[in-house]
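Novice: Data file upload.tsv (TSV, C-alpha atoms) is appended below.
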```tsv
chain	number	residue	atom	x	y	z
A	1	MET	CA	-8.67	4.08	4.86
A	2	LYS	CA	-7.77	1.07	2.75
A	3	ILE	CA	-4.03	0.40	2.82
A	4	ALA	CA	-2.12	-2.08	0.65
A	5	LEU	CA	1.02	-3.69	2.06
A	6	ILE	CA	3.42	-5.36	-0.37
A	7	ALA	CA	7.02	-6.47	0.12
A	8	HIS	CA	9.54	-8.23	-2.07
A	9	ASP	CA	11.11	-11.34	-0.52
A	10	ARG	CA	14.17	-9.66	0.96
A	11	LYS	CA	11.97	-6.88	2.42
A	12	LYS	CA	9.32	-9.05	4.12
A	13	ASP	CA	11.07	-9.02	7.53
A	14	LEU	CA	11.31	-5.23	7.32
A	15	MET	CA	7.59	-5.00	6.47
A	16	VAL	CA	6.71	-7.11	9.50
A	17	LYS	CA	8.84	-4.83	11.69
A	18	LEU	CA	7.17	-1.74	10.20
A	19	VAL	CA	3.64	-3.04	10.75
A	20	THR	CA	4.52	-4.20	14.26
A	21	ALA	CA	5.94	-0.77	15.12
A	22	TYR	CA	2.95	1.07	13.65
A	23	ARG	CA	0.30	-1.46	14.69
A	24	PRO	CA	-1.73	1.11	16.71
A	25	ILE	CA	-2.09	3.30	13.61
A	26	LEU	CA	-2.70	0.48	11.13
A	27	ALA	CA	-5.27	-1.21	13.39
A	28	LYS	CA	-7.64	1.72	12.67
A	29	HIS	CA	-7.70	0.97	8.93
A	30	GLN	CA	-8.56	-1.80	6.46
A	31	LEU	CA	-5.43	-3.68	5.45
A	32	PHE	CA	-4.78	-5.54	2.22
A	33	ALA	CA	-1.66	-7.42	1.18
A	34	THR	CA	-0.23	-9.80	-1.33
A	35	GLY	CA	-0.29	-13.44	-0.20
A	36	THR	CA	2.91	-14.28	1.64
A	37	THR	CA	3.43	-10.75	2.97
A	38	GLY	CA	-0.12	-10.69	4.33
A	39	GLY	CA	0.33	-14.05	6.03
A	40	ARG	CA	3.55	-12.96	7.70
A	41	ILE	CA	1.97	-9.70	8.89
A	42	ALA	CA	-1.14	-11.43	10.26
A	43	ASP	CA	0.94	-14.07	12.08
A	44	ALA	CA	3.22	-11.45	13.65
A	45	THR	CA	0.62	-8.83	14.58
A	46	GLY	CA	-2.78	-10.51	14.78
A	47	LEU	CA	-4.20	-7.73	12.60
A	48	PRO	CA	-7.01	-8.65	10.22
A	49	ILE	CA	-5.74	-8.42	6.67
A	50	HIS	CA	-7.31	-9.25	3.34
A	51	ARG	CA	-4.83	-11.38	1.42
A	52	PHE	CA	-4.61	-11.41	-2.36
A	53	LYS	CA	-2.54	-13.80	-4.44
A	54	SER	CA	1.22	-13.51	-4.20
A	55	GLY	CA	2.75	-10.76	-6.35
A	56	PRO	CA	4.10	-13.00	-9.13
A	57	LEU	CA	0.73	-14.80	-9.33
A	58	GLY	CA	-1.30	-11.60	-9.81
A	59	GLY	CA	-1.54	-10.03	-6.36
A	60	ASP	CA	0.04	-6.79	-7.55
A	61	GLN	CA	-2.52	-6.65	-10.35
A	62	GLN	CA	-5.38	-7.28	-7.93
A	63	ILE	CA	-4.26	-4.30	-5.86
A	64	GLY	CA	-3.84	-2.29	-9.08
A	65	ALA	CA	-7.44	-3.09	-9.97
A	66	MET	CA	-8.59	-1.71	-6.61
A	67	ILE	CA	-6.58	1.46	-7.25
A	68	SER	CA	-8.18	1.92	-10.66
A	69	GLU	CA	-11.64	1.51	-9.11
A	70	ASP	CA	-10.86	4.10	-6.39
A	71	GLU	CA	-10.97	1.37	-3.75
A	72	MET	CA	-7.44	1.82	-2.34
A	73	ASP	CA	-6.21	4.86	-0.41
A	74	MET	CA	-2.53	4.16	0.24
A	75	VAL	CA	0.15	1.70	-0.85
A	76	ILE	CA	3.25	0.70	1.06
A	77	PHE	CA	5.39	-1.37	-1.29
A	78	LEU	CA	8.80	-2.21	0.13
A	79	ARG	CA	10.68	-2.98	-3.08
A	80	ASP	CA	14.04	-4.65	-3.43
A	81	PRO	CA	15.79	-2.46	-6.00
A	82	LEU	CA	18.83	-4.76	-6.12
A	83	ALA	CA	17.06	-7.95	-7.18
A	84	ALA	CA	15.50	-8.70	-10.56
A	85	GLN	CA	11.80	-9.46	-10.21
A	86	PRO	CA	10.10	-11.90	-12.59
A	87	HIS	CA	6.92	-9.79	-12.44
A	88	GLU	CA	8.63	-6.39	-12.90
A	89	PRO	CA	6.03	-5.22	-15.49
A	90	ASP	CA	3.31	-5.74	-12.84
A	91	VAL	CA	5.36	-3.75	-10.32
A	92	THR	CA	5.83	-0.91	-12.80
A	93	ALA	CA	2.11	-0.94	-13.64
A	94	LEU	CA	1.18	-0.72	-9.94
A	95	ILE	CA	3.46	2.27	-9.42
A	96	ARG	CA	2.09	3.93	-12.56
A	97	LEU	CA	-1.51	3.41	-11.40
A	98	SER	CA	-0.67	4.96	-8.03
A	99	ASP	CA	0.60	8.03	-9.87
A	100	VAL	CA	-2.35	8.19	-12.27
A	101	TYR	CA	-4.92	7.96	-9.46
A	102	GLU	CA	-2.91	10.08	-7.01
A	103	ILE	CA	-2.57	7.35	-4.40
A	104	PRO	CA	0.13	7.93	-1.78
A	105	LEU	CA	2.85	5.33	-2.38
A	106	ALA	CA	5.93	4.46	-0.33
A	107	THR	CA	8.57	2.20	-1.86
A	108	ASN	CA	11.04	2.31	1.04
A	109	ILE	CA	10.94	2.28	4.83
A	110	GLY	CA	11.71	5.98	5.25
A	111	THR	CA	8.81	7.11	3.10
A	112	ALA	CA	6.54	4.46	4.63
A	113	GLU	CA	7.14	5.84	8.11
A	114	ILE	CA	6.39	9.38	6.96
A	115	LEU	CA	3.15	8.24	5.29
A	116	LEU	CA	2.02	6.34	8.38
A	117	ARG	CA	2.82	9.23	10.73
A	118	GLY	CA	1.06	11.60	8.33
A	119	LEU	CA	-1.92	9.26	8.18
A	120	ASP	CA	-2.17	9.33	11.96
A	121	ALA	CA	-1.92	13.13	11.99
A	122	GLY	CA	-4.73	13.48	9.45
A	123	PHE	CA	-2.55	14.55	6.52
A	124	ALA	CA	-4.15	11.94	4.22
A	125	ASP	CA	-7.66	13.32	4.72
A	126	PHE	CA	-7.50	14.85	1.22
A	127	ARG	CA	-8.77	11.46	0.03
A	128	GLU	CA	-12.10	12.41	1.62
A	129	VAL	CA	-12.17	15.80	-0.16
A	130	VAL	CA	-12.41	14.85	-3.81
A	131	HIS	CA	-15.03	15.04	-6.47
A	132	GLU	CA	-16.98	11.81	-6.85
A	133	GLY	CA	-15.36	9.88	-9.70
A	134	ASP	CA	-12.71	12.58	-10.18
A	135	ARG	CA	-9.32	12.23	-8.53
A	136	ARG	CA	-8.54	15.97	-8.64
A	137	PRO	CA	-8.65	17.56	-5.16
A	138	ILE	CA	-11.20	20.31	-4.65
A	139	SER	CA	-9.64	23.77	-4.34
A	140	ILE	CA	-10.05	25.07	-0.80
```
If you convert what's in this file into structure tokens, what do you get?
Specialist:
Amino acid sequence: MKIALIAHDRKKDLMVKLVTAYRPILAKHQLFATGTTGGRIADATGLPIHRFKSGPLGGDQQIGAMISEDEMDMVIFLRDPLAAQPHEPDVTALIRLSDVYEIPLATNIGTAEILLRGLDAGFADFREVVHEGDRRPISI
């Protein structure tokens, strides 16, 4: 699966801890991240990670474009809800796209851990059981 990892400045240390803790799970998947977050993750874990631009410079939008093209399977976006973000419209658009295209999205550490454990247990396999070009799951 293709997994996007994004973290606001005050959440970057937490993201590195999360990826370090769940490295065995994440190592089985393709990882993508915004610029600084991706660099910090790669330095700390040695995992290969495709790095986009930083969030304020368009990285969030680059990930959003992958979502809209059905090229992203999961997003972990550790947001800082207590700090104003200069690119808040981009953040909102990314969350909206995740909802529109039914992409699992975690915006805090608790939900991120549940998604990663579920991913490892096969609970995200529904991404494989969809109509081509249609995000609605097939009835089983």
Novice: Leaving out Gly58 (chain A) and any residue of its chain fewer than 5 positions from it, which residues lie within 10 Å of it when counting all atoms listed in the file, given as a VMD selection string?
Specialist: chain A and resid 34 to 35 52 to 53 63 to 64 87 90
Novice: Sorted by chain and rising residue number, list the residues of region 54-126 of chain A at most 12 Å from region 26-31 of chain A (counting all atoms listed in the file), each with its closest atom pair and distance in Å to one decimal, as a tab-separated table.
Specialist:
```
residue	atom	partner	partner_atom	distance
A:Ile63	CA	A:Leu31	CA	11.4
A:Glu71	CA	A:Gln30	CA	11.0
A:Met72	CA	A:Gln30	CA	9.6
A:Asp73	CA	A:Gln30	CA	9.9
A:Met74	CA	A:Leu31	CA	9.8
A:Val75	CA	A:Leu31	CA	10.0
A:Ile76	CA	A:Leu31	CA	10.7
A:Ala112	CA	A:Leu26	CA	12.0
A:Glu113	CA	A:Leu26	CA	11.6
A:Leu115	CA	A:Leu26	CA	11.3
A:Leu116	CA	A:Leu26	CA	8.0
A:Arg117	CA	A:Leu26	CA	10.4
A:Leu119	CA	A:Leu26	CA	9.3
A:Asp120	CA	A:Leu26	CA	8.9
```
Novice: Just how far from CA of Met66 (chain A) is CA of Ala83 (chain A), in Å to one decimal?
Specialist: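 Straight-line distance from CA of Ala83 (chain A) to CA of Met66 (chain A) works out to 26.4 Å.
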Novice: Rank A:Gln85, A:Lys12, A:Gly46, A:Arg79 by their smallest atom-to-atom distance to Ala106 (chain A), using only C-alpha atoms, and report the top residue only.
Specialist: A:Arg79
Novice: What does the structure give for the distance between CA of Leu97 (chain A) and CA of Ile6 (chain A), in Å to one decimal?
Specialist: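 Result for CA of Leu97 (chain A) versus CA of Ile6 (chain A): 14.9 Å, one decimal.
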Novice: So, with all atoms listed in the file as the atoms that count, which of A:Pro48, A:Pro104, A:Pro89, A:Gly38 lies closest to Phe126 (chain A)?
Specialist: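 The shortest atom-to-atom distance to Phe126 (chain A) comes from A:Pro104.
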Novice: Grab the CA of Thr45 (chain A) to CA of Ala93 (chain A) distance for me, in Å with one decimal place.
Specialist: 29.3 Å
Novice: Which residue is closest to Ala65 (chain A)? Choose from A:Gly122, A:Ile109, A:Ala4, A:Arg10 and count all atoms listed in the file.
Specialist: A:Ala4
Novice: I'd like to know which of A:Asp125, A:His50, A:Leu78, A:Tyr101 is closest to Leu18 (chain A), using all atoms listed in the file.
Specialist: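 For Leu18 (chain A), the nearest of the given residues is A:Leu78.
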Novice: Let me make sure I understand: among A:Lys2, A:Phe77, A:Thr36, A:Ile41, which one has the smallest atom-to-atom distance to Gly110 (chain A) if we use all atoms listed in the file?
Specialist: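 Using all atoms listed in the file, the shortest distance to Gly110 (chain A) belongs to A:Phe77.
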